[in-house]
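Source file: start-v3.txt (compact mmCIF, C-alpha atoms)
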```
# COMPACT_ATOMS: atom_id res chain seq x y z
CA MET Y 1 26.90 -14.31 11.38
CA GLY Y 2 30.15 -14.51 13.37
CA LYS Y 3 31.45 -17.36 11.26
CA ARG Y 4 30.78 -15.45 8.07
CA ILE Y 5 32.76 -12.43 9.34
CA VAL Y 6 35.66 -14.71 10.25
CA LEU Y 7 35.53 -16.36 6.82
CA GLY Y 8 35.47 -12.95 5.17
CA ALA Y 9 38.41 -11.72 7.20
CA VAL Y 10 40.40 -14.87 6.46
CA ALA Y 11 39.61 -14.58 2.75
CA ILE Y 12 40.76 -10.96 2.59
CA LEU Y 13 43.93 -11.68 4.57
CA LEU Y 14 44.75 -14.67 2.38
CA VAL Y 15 44.28 -12.66 -0.82
CA ILE Y 16 46.52 -9.87 0.54
CA ALA Y 17 49.13 -12.42 1.59
CA ALA Y 18 48.94 -14.11 -1.82
CA ALA Y 19 49.39 -10.73 -3.54
CA TYR Y 20 52.41 -10.01 -1.32
CA ALA Y 21 53.89 -13.44 -1.97
CA SER Y 22 53.42 -13.19 -5.72
CA PHE Y 23 55.35 -9.91 -5.79
CA TYR Y 24 58.03 -10.40 -3.11
CA VAL Y 25 58.41 -14.12 -2.40
CA ALA Y 26 58.18 -15.71 -5.82
CA PRO Y 27 61.39 -15.43 -7.87
CA GLU Y 28 61.43 -13.36 -11.03
CA GLU Y 29 60.77 -15.32 -14.17
CA ARG Y 30 63.70 -15.24 -16.57
CA THR Y 31 62.14 -14.23 -19.87
CA MET Y 32 58.96 -12.41 -18.89
CA GLY Y 33 60.19 -10.70 -15.73
CA VAL Y 34 57.69 -8.92 -13.54
CA LEU Y 35 54.96 -9.50 -16.07
CA GLN Y 36 54.77 -13.17 -15.20
CA ARG Y 37 53.56 -12.34 -11.67
CA ILE Y 38 50.04 -11.76 -12.90
CA PHE Y 39 49.96 -15.51 -13.49
CA TYR Y 40 49.44 -16.20 -9.75
CA PHE Y 41 46.27 -14.15 -9.81
CA HIS Y 42 45.12 -15.15 -13.29
CA VAL Y 43 45.44 -18.93 -13.07
CA ALA Y 44 44.26 -19.04 -9.44
CA SER Y 45 41.09 -17.17 -10.47
CA ALA Y 46 40.62 -19.53 -13.39
CA TRP Y 47 40.83 -22.60 -11.15
CA ALA Y 48 38.55 -21.12 -8.50
CA GLY Y 49 36.09 -20.09 -11.22
CA MET Y 50 36.07 -23.56 -12.73
CA ASP Y 51 35.45 -25.04 -9.27
CA ALA Y 52 32.58 -22.60 -8.71
CA PHE Y 53 31.00 -23.80 -11.96
CA LEU Y 54 31.55 -27.39 -10.88
CA LEU Y 55 29.74 -26.57 -7.63
CA CYS Y 56 26.95 -24.98 -9.66
CA PHE Y 57 26.67 -28.16 -11.74
CA ILE Y 58 26.46 -30.33 -8.60
CA ALA Y 59 23.85 -27.98 -7.12
CA ASN Y 60 21.85 -28.18 -10.36
CA LEU Y 61 21.89 -31.97 -10.32
CA LEU Y 62 20.88 -32.01 -6.65
CA TYR Y 63 18.04 -29.60 -7.33
CA VAL Y 64 16.62 -31.74 -10.11
CA TRP Y 65 16.91 -34.77 -7.85
CA LYS Y 66 15.83 -33.43 -4.45
CA ARG Y 67 13.79 -30.32 -5.37
CA ASP Y 68 15.06 -28.41 -2.39
CA GLN Y 69 15.23 -24.60 -2.76
CA LYS Y 70 18.63 -24.65 -1.04
CA TYR Y 71 20.25 -26.15 -4.13
CA ASP Y 72 18.73 -23.49 -6.34
CA TRP Y 73 20.21 -20.80 -4.13
CA LEU Y 74 23.57 -22.57 -4.19
CA GLY Y 75 23.35 -22.90 -7.98
CA VAL Y 76 22.79 -19.21 -8.64
CA SER Y 77 25.37 -18.14 -6.05
CA SER Y 78 28.14 -20.32 -7.39
CA ALA Y 79 27.30 -19.43 -11.00
CA GLU Y 80 27.55 -15.73 -10.23
CA VAL Y 81 30.81 -16.07 -8.32
CA GLY Y 82 32.19 -18.31 -11.05
CA LEU Y 83 31.23 -15.70 -13.60
CA VAL Y 84 32.99 -12.95 -11.64
CA LEU Y 85 36.16 -15.03 -11.35
CA THR Y 86 36.04 -15.93 -15.04
CA THR Y 87 35.64 -12.23 -15.84
CA VAL Y 88 38.80 -11.61 -13.81
CA VAL Y 89 40.52 -14.29 -15.91
CA LEU Y 90 39.32 -12.71 -19.15
CA ILE Y 91 40.57 -9.28 -18.04
CA THR Y 92 43.93 -10.31 -16.57
CA GLY Y 93 44.65 -12.55 -19.59
CA PRO Y 94 44.80 -9.74 -22.16
CA ILE Y 95 46.74 -7.51 -19.70
CA TRP Y 96 49.42 -10.19 -19.75
CA ALA Y 97 49.02 -11.09 -23.42
CA LYS Y 98 49.56 -7.59 -24.84
CA PRO Y 99 53.18 -7.21 -23.66
CA ALA Y 100 53.97 -10.95 -23.89
CA TRP Y 101 52.43 -11.84 -27.25
CA GLY Y 102 51.96 -8.35 -28.67
CA ILE Y 103 48.19 -8.82 -28.97
CA TYR Y 104 45.33 -8.63 -26.50
CA TRP Y 105 43.42 -11.55 -27.82
CA THR Y 106 44.10 -14.68 -29.81
CA TRP Y 107 41.62 -17.40 -30.68
CA ASP Y 108 43.53 -20.04 -28.81
CA ALA Y 109 41.77 -23.04 -27.27
CA ARG Y 110 41.81 -22.03 -23.65
CA LEU Y 111 40.95 -18.38 -24.30
CA THR Y 112 38.13 -19.24 -26.61
CA SER Y 113 36.66 -21.98 -24.46
CA THR Y 114 36.85 -19.75 -21.38
CA PHE Y 115 34.97 -17.12 -23.31
CA VAL Y 116 32.31 -19.60 -24.45
CA LEU Y 117 32.07 -20.83 -20.85
CA TRP Y 118 31.55 -17.24 -19.74
CA LEU Y 119 28.82 -16.78 -22.37
CA LEU Y 120 27.07 -19.98 -21.30
CA TYR Y 121 26.83 -18.83 -17.69
CA VAL Y 122 25.74 -15.34 -18.72
CA SER Y 123 22.92 -17.11 -20.58
CA TYR Y 124 22.19 -19.18 -17.48
CA LEU Y 125 21.79 -16.05 -15.36
CA LEU Y 126 19.75 -14.31 -18.07
CA LEU Y 127 17.42 -17.29 -18.27
CA ARG Y 128 16.82 -16.96 -14.55
CA THR Y 129 15.67 -13.38 -14.93
CA LEU Y 130 13.12 -14.36 -17.60
CA ILE Y 131 11.07 -16.90 -15.63
CA GLU Y 132 8.85 -15.51 -12.87
CA GLU Y 133 7.60 -18.58 -11.09
CA PRO Y 134 10.29 -19.60 -8.55
CA GLU Y 135 9.97 -23.37 -8.89
CA ARG Y 136 9.89 -23.34 -12.67
CA ARG Y 137 12.84 -20.94 -12.73
CA ALA Y 138 14.80 -23.20 -10.41
CA LEU Y 139 14.08 -26.35 -12.40
CA LEU Y 140 14.59 -24.98 -15.91
CA SER Y 141 17.74 -23.07 -15.06
CA ALA Y 142 19.12 -26.15 -13.29
CA LEU Y 143 18.50 -28.19 -16.44
CA PHE Y 144 20.15 -25.56 -18.62
CA GLY Y 145 23.07 -25.47 -16.18
CA ILE Y 146 23.48 -29.21 -16.58
CA PHE Y 147 23.47 -28.98 -20.39
CA ALA Y 148 25.90 -26.08 -20.27
CA PHE Y 149 28.35 -27.89 -18.03
CA ILE Y 150 28.24 -31.02 -20.18
CA ASP Y 151 29.02 -28.80 -23.14
CA VAL Y 152 32.20 -27.33 -21.63
CA PRO Y 153 34.56 -30.27 -22.33
CA LEU Y 154 33.09 -30.60 -25.83
CA VAL Y 155 33.76 -26.92 -26.50
CA PHE Y 156 37.28 -27.25 -25.16
CA PHE Y 157 38.25 -30.32 -27.16
CA SER Y 158 36.57 -29.19 -30.36
CA ILE Y 159 38.61 -25.99 -30.28
CA ARG Y 160 41.76 -27.67 -29.06
CA TRP Y 161 41.75 -30.34 -31.75
CA TRP Y 162 40.53 -28.29 -34.67
CA ARG Y 163 41.30 -24.65 -34.11
CA THR Y 164 44.76 -24.16 -32.60
CA GLN Y 165 48.36 -25.10 -32.46
CA HIS Y 166 49.20 -23.63 -29.07
CA PRO Y 167 51.93 -24.37 -26.53
CA ALA Y 168 51.33 -27.17 -24.05
CA PRO Y 169 50.12 -26.19 -20.58
CA VAL Y 170 52.87 -25.34 -18.12
CA ILE Y 171 51.23 -27.04 -15.14
CA MET Y 172 50.28 -30.69 -15.49
CA GLY Y 173 51.48 -30.45 -19.08
CA GLY Y 174 53.65 -33.55 -19.14
CA PRO Y 175 57.44 -33.96 -19.00
CA GLY Y 176 59.60 -30.85 -19.31
CA SER Y 177 56.89 -28.58 -17.96
CA GLY Y 178 56.51 -27.41 -14.40
CA LEU Y 179 57.41 -24.59 -12.07
CA ASP Y 180 60.26 -23.56 -9.84
CA PRO Y 181 59.54 -24.93 -6.29
CA THR Y 182 59.08 -21.46 -4.73
CA MET Y 183 56.90 -20.38 -7.62
CA ASN Y 184 54.88 -23.52 -7.16
CA LYS Y 185 54.33 -22.82 -3.46
CA VAL Y 186 53.26 -19.23 -4.11
CA PHE Y 187 51.02 -20.44 -6.89
CA LEU Y 188 49.31 -23.07 -4.73
CA PHE Y 189 48.92 -20.49 -1.97
CA SER Y 190 47.22 -18.11 -4.43
CA VAL Y 191 44.94 -20.93 -5.55
CA LEU Y 192 43.99 -21.52 -1.92
CA ALA Y 193 43.39 -17.80 -1.34
CA MET Y 194 41.14 -17.48 -4.37
CA HIS Y 195 39.18 -20.57 -3.31
CA VAL Y 196 38.59 -19.18 0.17
CA LEU Y 197 37.54 -15.86 -1.35
CA ALA Y 198 35.19 -17.70 -3.72
CA ALA Y 199 33.76 -19.70 -0.79
CA PHE Y 200 33.18 -16.49 1.16
CA LEU Y 201 31.44 -14.81 -1.78
CA ILE Y 202 29.30 -17.87 -2.46
CA VAL Y 203 28.20 -18.04 1.18
CA GLU Y 204 27.30 -14.34 1.19
CA ARG Y 205 25.46 -14.59 -2.11
CA TYR Y 206 23.66 -17.69 -0.86
CA MET Y 207 22.41 -15.88 2.25
CA LEU Y 208 21.23 -12.99 0.06
CA GLU Y 209 19.35 -15.34 -2.24
CA LYS Y 210 17.78 -17.05 0.77
CA MET Y 211 16.64 -13.70 2.14
CA ARG Y 212 15.26 -12.67 -1.23
CA SER Y 213 13.32 -15.89 -1.49
CA GLU Y 214 11.85 -15.38 2.00
CA VAL Y 215 10.82 -11.82 1.17
CA ASP Y 216 9.29 -13.08 -2.04
CA THR Y 217 7.27 -15.74 -0.20
CA LEU Y 218 6.07 -13.18 2.36
CA ARG Y 219 5.03 -10.78 -0.37
CA ARG Y 220 3.10 -13.48 -2.19
CA GLU Y 221 1.32 -14.40 1.03
CA ALA Y 222 0.49 -10.76 1.72
CA GLU Y 223 -0.87 -10.31 -1.80
CA ALA Y 224 -2.94 -13.46 -1.51
CA GLN Y 225 -4.77 -12.17 1.56
CA MET N 1 8.80 -51.19 -27.61
CA SER N 2 6.13 -48.71 -26.64
CA LEU N 3 8.76 -45.96 -26.85
CA LEU N 4 9.36 -46.70 -30.52
CA SER N 5 5.70 -47.03 -31.47
CA ASN N 6 4.83 -43.88 -29.52
CA THR N 7 7.66 -42.05 -31.23
CA ALA N 8 6.50 -43.25 -34.63
CA ILE N 9 2.96 -42.00 -34.04
CA LEU N 10 4.16 -38.65 -32.70
CA LEU N 11 6.62 -38.29 -35.59
CA ASP N 12 3.77 -38.92 -37.99
CA LYS N 13 1.83 -36.13 -36.25
CA GLU N 14 4.81 -33.73 -36.45
CA LEU N 15 5.38 -34.44 -40.13
CA ARG N 16 1.70 -34.18 -40.99
CA THR N 17 1.35 -30.82 -39.18
CA GLU N 18 4.33 -29.46 -41.07
CA PHE N 19 3.61 -30.85 -44.52
CA ARG N 20 0.05 -29.54 -44.37
CA SER N 21 1.35 -25.99 -44.55
CA ARG N 22 5.11 -26.39 -45.21
CA GLU N 23 5.47 -23.02 -43.47
CA LEU N 24 8.56 -23.93 -41.49
CA LEU N 25 10.40 -25.46 -44.45
CA THR N 26 9.81 -22.60 -46.85
CA THR N 27 10.58 -19.82 -44.38
CA THR N 28 13.75 -21.53 -43.15
CA ALA N 29 14.95 -22.24 -46.68
CA VAL N 30 14.38 -18.63 -47.71
CA PHE N 31 16.12 -17.47 -44.54
CA ILE N 32 19.24 -19.53 -45.34
CA LEU N 33 19.18 -18.20 -48.89
CA ILE N 34 18.99 -14.59 -47.66
CA VAL N 35 21.86 -15.12 -45.23
CA LEU N 36 24.02 -16.73 -47.95
CA VAL N 37 23.38 -13.79 -50.27
CA LEU N 38 24.06 -11.25 -47.52
CA PHE N 39 27.31 -12.99 -46.60
CA SER N 40 28.42 -12.64 -50.21
CA PHE N 41 28.15 -8.85 -49.79
CA ALA N 42 30.00 -8.85 -46.47
CA ILE N 43 32.92 -10.82 -47.92
CA ASN N 44 34.17 -11.33 -51.46
CA PRO N 45 32.98 -14.78 -52.54
CA GLY N 46 35.06 -14.84 -55.71
CA THR N 47 38.45 -15.18 -54.03
CA GLU N 48 40.39 -18.32 -53.31
CA GLU N 49 40.10 -17.78 -49.53
CA ALA N 50 36.32 -17.85 -49.91
CA ARG N 51 36.65 -21.57 -50.49
CA GLN N 52 38.09 -21.82 -46.99
CA PHE N 53 35.49 -19.87 -45.09
CA ALA N 54 32.36 -20.42 -47.21
CA PRO N 55 31.61 -23.76 -45.46
CA GLY N 56 31.78 -21.92 -42.15
CA LEU N 57 29.30 -19.36 -43.45
CA LEU N 58 27.02 -22.17 -44.59
CA TRP N 59 27.07 -23.69 -41.10
CA LEU N 60 26.54 -20.30 -39.50
CA ALA N 61 23.50 -19.80 -41.72
CA ILE N 62 22.23 -23.25 -40.71
CA LEU N 63 22.77 -22.44 -37.03
CA PHE N 64 20.88 -19.16 -37.25
CA ALA N 65 18.13 -20.77 -39.28
CA SER N 66 17.78 -23.59 -36.77
CA SER N 67 17.41 -21.17 -33.88
CA LEU N 68 14.46 -19.66 -35.76
CA MET N 69 13.07 -23.00 -36.85
CA PHE N 70 12.94 -24.49 -33.36
CA GLN N 71 10.90 -21.57 -31.98
CA SER N 72 7.63 -23.20 -32.87
CA CYS N 73 8.68 -26.67 -31.74
CA PHE N 74 7.15 -26.49 -28.25
CA LEU N 75 5.38 -23.17 -28.63
CA ARG N 76 2.88 -24.77 -30.99
CA GLU N 77 1.94 -27.27 -28.30
CA GLN N 78 1.65 -24.48 -25.77
CA THR N 79 -0.61 -22.18 -27.78
CA ASN N 80 -2.90 -25.08 -28.63
CA ASP N 81 -2.62 -26.37 -25.06
CA THR N 82 -1.80 -29.85 -26.29
CA LEU N 83 1.32 -30.53 -24.27
CA SER N 84 -0.49 -31.97 -21.23
CA SER N 85 -2.55 -34.29 -23.42
CA LEU N 86 0.64 -35.37 -25.19
CA ARG N 87 2.21 -36.15 -21.84
CA LEU N 88 -0.81 -38.16 -20.80
CA ALA N 89 -0.89 -40.03 -24.08
CA VAL N 90 2.66 -41.41 -24.01
CA SER N 91 4.12 -43.72 -21.39
CA ASP N 92 7.62 -42.22 -21.71
CA PRO N 93 7.94 -38.45 -22.28
CA PHE N 94 11.21 -39.15 -24.07
CA ALA N 95 9.04 -40.21 -27.04
CA ILE N 96 7.85 -36.59 -27.38
CA PHE N 97 11.44 -35.37 -27.59
CA LEU N 98 12.50 -38.18 -29.87
CA ALA N 99 9.68 -37.49 -32.31
CA LYS N 100 10.34 -33.75 -32.27
CA LEU N 101 14.07 -34.07 -32.73
CA ILE N 102 13.74 -36.55 -35.57
CA ALA N 103 11.26 -34.21 -37.25
CA ASN N 104 13.57 -31.24 -36.67
CA THR N 105 16.55 -33.12 -38.10
CA LEU N 106 14.50 -34.05 -41.17
CA PHE N 107 13.28 -30.49 -41.71
CA LEU N 108 16.77 -29.11 -41.26
CA LEU N 109 18.28 -31.64 -43.67
CA LEU N 110 15.58 -30.96 -46.25
CA THR N 111 16.19 -27.21 -46.17
CA GLU N 112 19.94 -27.78 -46.33
CA LEU N 113 19.56 -30.00 -49.39
CA MET N 114 17.34 -27.39 -51.03
CA MET N 115 19.99 -24.73 -50.37
CA LEU N 116 23.08 -26.73 -51.37
CA PRO N 117 22.78 -26.01 -55.13
CA PHE N 118 22.56 -22.26 -54.42
CA PHE N 119 25.56 -22.51 -52.11
CA ALA N 120 27.57 -24.36 -54.77
CA ILE N 121 26.68 -21.79 -57.43
CA PHE N 122 27.10 -18.63 -55.35
CA TYR N 123 30.44 -19.60 -53.88
CA ASN N 124 31.59 -21.48 -56.98
CA ILE N 125 32.30 -24.73 -55.14
CA PRO N 126 31.62 -28.01 -56.98
CA LEU N 127 29.90 -30.44 -54.61
CA TRP N 128 28.69 -33.26 -56.78
CA SER N 129 31.55 -35.74 -56.31
CA LYS N 130 31.62 -35.26 -52.52
CA LEU N 131 27.87 -35.39 -52.04
CA PRO N 132 27.61 -38.69 -50.08
CA VAL N 133 30.15 -37.66 -47.42
CA LEU N 134 28.79 -34.12 -47.39
CA ILE N 135 25.32 -35.44 -46.65
CA LEU N 136 26.77 -37.57 -43.85
CA VAL N 137 28.43 -34.46 -42.34
CA LEU N 138 25.22 -32.46 -42.73
CA PHE N 139 23.34 -35.27 -41.04
CA VAL N 140 25.55 -35.71 -37.95
CA GLY N 141 25.82 -31.92 -37.59
CA SER N 142 22.11 -31.28 -37.99
CA LEU N 143 21.28 -34.11 -35.62
CA GLY N 144 23.39 -32.43 -32.93
CA ILE N 145 21.77 -29.07 -33.61
CA SER N 146 18.33 -30.65 -33.41
CA ILE N 147 18.97 -32.57 -30.19
CA ALA N 148 20.26 -29.52 -28.33
CA GLY N 149 17.71 -27.28 -30.04
CA THR N 150 14.72 -29.44 -29.09
CA ALA N 151 15.85 -29.49 -25.46
CA ILE N 152 16.47 -25.74 -25.34
CA SER N 153 13.22 -24.86 -27.10
CA ALA N 154 11.37 -26.75 -24.34
CA ILE N 155 13.10 -24.42 -21.86
CA SER N 156 12.67 -21.17 -23.79
CA ALA N 157 8.99 -21.83 -24.53
CA GLN N 158 8.31 -21.48 -20.80
CA ALA N 159 10.11 -18.16 -20.36
CA ARG N 160 9.53 -14.51 -21.26
CA MET N 161 11.18 -13.06 -24.38
CA ARG N 162 11.36 -16.59 -25.75
CA GLU N 163 12.16 -15.54 -29.31
CA LEU N 164 15.37 -13.90 -28.14
CA LEU N 165 16.12 -16.39 -25.44
CA LEU N 166 16.29 -19.46 -27.67
CA PRO N 167 19.26 -18.32 -29.79
CA LEU N 168 20.88 -16.89 -26.68
CA LEU N 169 20.82 -20.25 -24.92
CA LEU N 170 21.32 -22.42 -27.98
CA LEU N 171 24.08 -20.78 -29.99
CA PRO N 172 26.87 -20.89 -27.37
CA LEU N 173 25.89 -24.47 -26.62
CA LEU N 174 26.39 -25.35 -30.30
CA THR N 175 29.95 -23.97 -30.49
CA PRO N 176 31.48 -27.46 -30.82
CA VAL N 177 29.14 -28.35 -33.69
CA LEU N 178 29.97 -25.14 -35.53
CA VAL N 179 33.73 -25.49 -35.01
CA VAL N 180 33.96 -29.10 -36.10
CA SER N 181 31.38 -29.25 -38.88
CA SER N 182 32.74 -26.08 -40.54
CA LEU N 183 36.22 -27.50 -40.51
CA VAL N 184 35.20 -30.95 -41.72
CA THR N 185 33.13 -29.39 -44.51
CA ALA N 186 35.96 -27.01 -45.46
CA SER N 187 38.53 -29.78 -45.80
CA LEU N 188 35.99 -31.87 -47.70
CA LEU N 189 35.39 -29.08 -50.22
CA ASP N 190 39.07 -28.16 -50.51
CA ARG N 191 40.94 -28.47 -53.80
CA GLU N 192 42.60 -31.53 -52.32
CA PRO N 193 39.64 -32.95 -50.42
CA ILE N 194 40.23 -34.85 -47.19
CA VAL N 195 37.55 -36.69 -45.27
CA GLN N 196 38.16 -35.91 -41.59
CA TRP N 197 36.70 -39.01 -40.00
CA LYS N 198 37.89 -37.89 -36.58
CA GLY N 199 35.72 -34.79 -36.89
CA ILE N 200 32.70 -36.76 -38.05
CA GLY N 201 33.27 -39.08 -35.09
CA PHE N 202 33.44 -36.10 -32.76
CA LEU N 203 30.09 -34.83 -34.05
CA ALA N 204 28.61 -38.28 -33.48
CA VAL N 205 29.94 -38.21 -29.91
CA PHE N 206 28.35 -34.77 -29.40
CA ASP N 207 25.02 -36.19 -30.65
CA LEU N 208 25.32 -39.17 -28.35
CA ILE N 209 26.18 -37.15 -25.25
CA PHE N 210 23.32 -34.70 -25.72
CA LEU N 211 20.89 -37.48 -26.61
CA THR N 212 21.81 -39.24 -23.37
CA ALA N 213 21.39 -36.00 -21.41
CA LEU N 214 17.99 -35.46 -23.03
CA TRP N 215 17.00 -39.04 -22.26
CA LEU N 216 18.02 -38.59 -18.61
CA PHE N 217 16.59 -35.11 -18.01
CA GLY N 218 13.96 -34.67 -20.73
CA GLU N 219 10.97 -35.56 -18.59
CA TYR N 220 11.78 -32.72 -16.15
CA LEU N 221 11.74 -30.21 -19.01
CA LEU N 222 8.06 -30.95 -19.55
CA GLU N 223 6.93 -30.78 -15.95
CA GLU N 224 3.80 -28.75 -15.35
```
Please re-express this file's structure in structure tokens.
Amino acid sequence: MGKRIVLGAVAILLVIAAAYASFYVAPEERTMGVLQRIFYFHVASAWAGMDAFLLCFIANLLYVWKRDQKYDWLGVSSAEVGLVLTTVVLITGPIWAKPAWGIYWTWDARLTSTFVLWLLYVSYLLLRTLIEEPERRALLSALFGIFAFIDVPLVFFSIRWWRTQHPAPVIMGGPGSGLDPTMNKVFLFSVLAMHVLAAFLIVERYMLEKMRSEVDTLRREAEAQ
Amino acid sequence: MSLLSNTAILLDKELRTEFRSRELLTTTAVFILIVLVLFSFAINPGTEEARQFAPGLLWLAILFASSLMFQSCFLREQTNDTLSSLRLAVSDPFAIFLAKLIANTLFLLLTELMMLPFFAIFYNIPLWSKLPVLILVLFVGSLGISIAGTAISAISAQARMRELLLPLLLLPLLTPVLVVSSLVTASLLDREPIVQWKGIGFLAVFDLIFLTALWLFGEYLLEE
């Protein structure tokens, strides 16, 4: 319990510090001005969300392999947290896009594939609500999670190669791209903060799922008697 | 070897069950026809732009039709309680999937071929000269739809609200197939037709990846 409180406190402090740094430490971007500062929050959430889905995929594989309830709990927790972070991405994106591009939404590769990713994990969570038996729910949702995660790169490249002509990524986008050193530090710090926050949320959600599963087992036993 | 012979026997069973009644084929074909007609009311099919998006509509109709068609794929086994005997009968459960997905691909292709003349007439797009490549595109696309659809229908058959759940799980998963096959078909049916081999290759890669995933994880989908 104590460790979880510490983790929570650290996560909150880091997010506050990252917010402060993105407004007061990072230099102002030349063309977009203050608007660009949402980027620290937006991209950091996107990366943390992607990593949460990666964790979900690993948990799904481990569940199919080991059949330990723990991995099912980890799967649902990381999927939910990933979904929340991706929702943040899908909300902060249009907030930035409206003043910058003049439109809230464009069917660009990364937007569209993030949205499809979001839909896939909404389906994953919906599937879980529609199967009663805990073991069957764990197994079938794990298998769907695996298929969904395999699909993500296919979605991305199909849209990237056939649907858009969009600007190259700024980070890791090849020569000529890249950030100002201070911006880069603030950005990496925000990424760290969002990851710690995600870890905290996943741990909390995991403990909740564990408790739910225990209550469920107890209730089944009580009903059986 | 036993995988192939098992698959052949099961495929024979799938085809015989279907061709006895032809229920699935007729209903799916009529469904595609209805959707094509309804699309023509939602958009104006007589314009030049229609040439650009009509192939997309065709693929959308195929996608919707497939999500209806695959409903019965595993449900039939469940209502007749034949799935456990099927599992006992074959040495490798992948044979069950292989037979079902080959049957699904065949049914889908058949309905598509039945609907192509209507599509060509309604949207005023001559197909005849491009037919061989078009059939290739329809094949690689439908194969991908069937592989993913067979896997997902094994999942949805074991859940509540399965009729709604199947399209919900399947359609987002098929985004790459829809994106690429619509585009490949559109450039094939353009006034200056281009065969996008890269796109056809991408669809083949999609098929291969999902077939491998089904081969690796299929047996767990059928666990009792």
Two-atom distance - CA of Leu55 in chain Y, CA of Pro176 in chain N (Å) = 23.3 Å
Name the closest residue to chain N among the candidates Y:Leu83, Y:Val76, Y:Leu90, Y:Leu61; distances are taken between atoms, counting only C-alpha atoms.
-> Y:Leu61
Between CA of Ala103 in chain N and CA of Leu11 in chain N, distance in Å (one decimal) = 6.4 Å
Shell around Arg37 in chain Y at 10 Å using only C-alpha atoms, local window under 3 positions removed, as a short mmCIF file (atom, residue, chain, number, x, y, z; two decimals) with C-alpha atoms, in the coordinates of the input:
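Final file, selection_26.cif:
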```cif
data_model
loop_
_atom_site.label_atom_id
_atom_site.label_comp_id
_atom_site.auth_asym_id
_atom_site.auth_seq_id
_atom_site.Cartn_x
_atom_site.Cartn_y
_atom_site.Cartn_z
CA ALA Y 19 49.39 -10.73 -3.54
CA ALA Y 21 53.89 -13.44 -1.97
CA SER Y 22 53.42 -13.19 -5.72
CA PHE Y 23 55.35 -9.91 -5.79
CA TYR Y 24 58.03 -10.40 -3.11
CA ALA Y 26 58.18 -15.71 -5.82
CA PRO Y 27 61.39 -15.43 -7.87
CA GLU Y 28 61.43 -13.36 -11.03
CA GLU Y 29 60.77 -15.32 -14.17
CA MET Y 32 58.96 -12.41 -18.89
CA GLY Y 33 60.19 -10.70 -15.73
CA VAL Y 34 57.69 -8.92 -13.54
CA TYR Y 40 49.44 -16.20 -9.75
CA PHE Y 41 46.27 -14.15 -9.81
CA HIS Y 42 45.12 -15.15 -13.29
CA TRP Y 96 49.42 -10.19 -19.75
CA MET Y 183 56.90 -20.38 -7.62
CA PHE Y 187 51.02 -20.44 -6.89
#
```
Chain Y contacts to chain N at 7 Å (all atoms listed in the file) as a list in words | Val116, Leu119, Leu120, Ser123, Leu130, Ile131, Leu140, Ala148, Asp151, Leu154, Val155, Ser158, Ile159 and Trp162 of chain Y
List the spatial neighbours of Ala48 in chain Y as a tab-separated table (two decimals) with C-alpha atoms, in the coordinates of the input - criterion: any atom at most 7 Å away, all atoms listed in the file, same-chain residues fewer than 4 positions off excluded.
```tsv
chain	number	residue	atom	x	y	z
Y	44	ALA	CA	44.26	-19.04	-9.44
Y	52	ALA	CA	32.58	-22.60	-8.71
Y	194	MET	CA	41.14	-17.48	-4.37
Y	195	HIS	CA	39.18	-20.57	-3.31
Y	198	ALA	CA	35.19	-17.70	-3.72
```
For Glu192 in chain N, which residue out of N:Ser66, N:Ser21, N:Gln52, N:Asn6 is the nearest one, using only C-alpha atoms?
-> N:Gln52
Which residues, written as a list of chain:residue names, have at least one atom at most 6 Å from range 67-73 of chain Y, with all atoms listed in the file counted and residues fewer than 6 positions away on the same chain left out?
->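 Using all atoms listed in the file, the neighbours found are Y:Ala59, Y:Ala138, Y:Tyr206, Y:Glu209.
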Just give me the gap between CA of Phe189 in chain Y and CA of Thr86 in chain Y in Å, one decimal is fine.
->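 Atom-to-atom, CA of Phe189 in chain Y to CA of Thr86 in chain Y, that is 18.9 Å.
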Quick one: of N:Phe94, N:Tyr123, N:Phe118, N:Trp59, who's nearest to Phe41 in chain N, counting all atoms listed in the file?
->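 Counting all atoms listed in the file, the residue closest to Phe41 in chain N is N:Tyr123.
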Select, counting all atoms listed in the file, all protein, DNA and RNA residues no farther than 12 Å from (25.6, -33.2, -43.9) in file coordinates, and express the selection as a PyMOL selection string.
-> chain N and resi 55+58-59+62+105-106+108-113+116+127+130-145+177+181-182+184-185+188+200+203-204
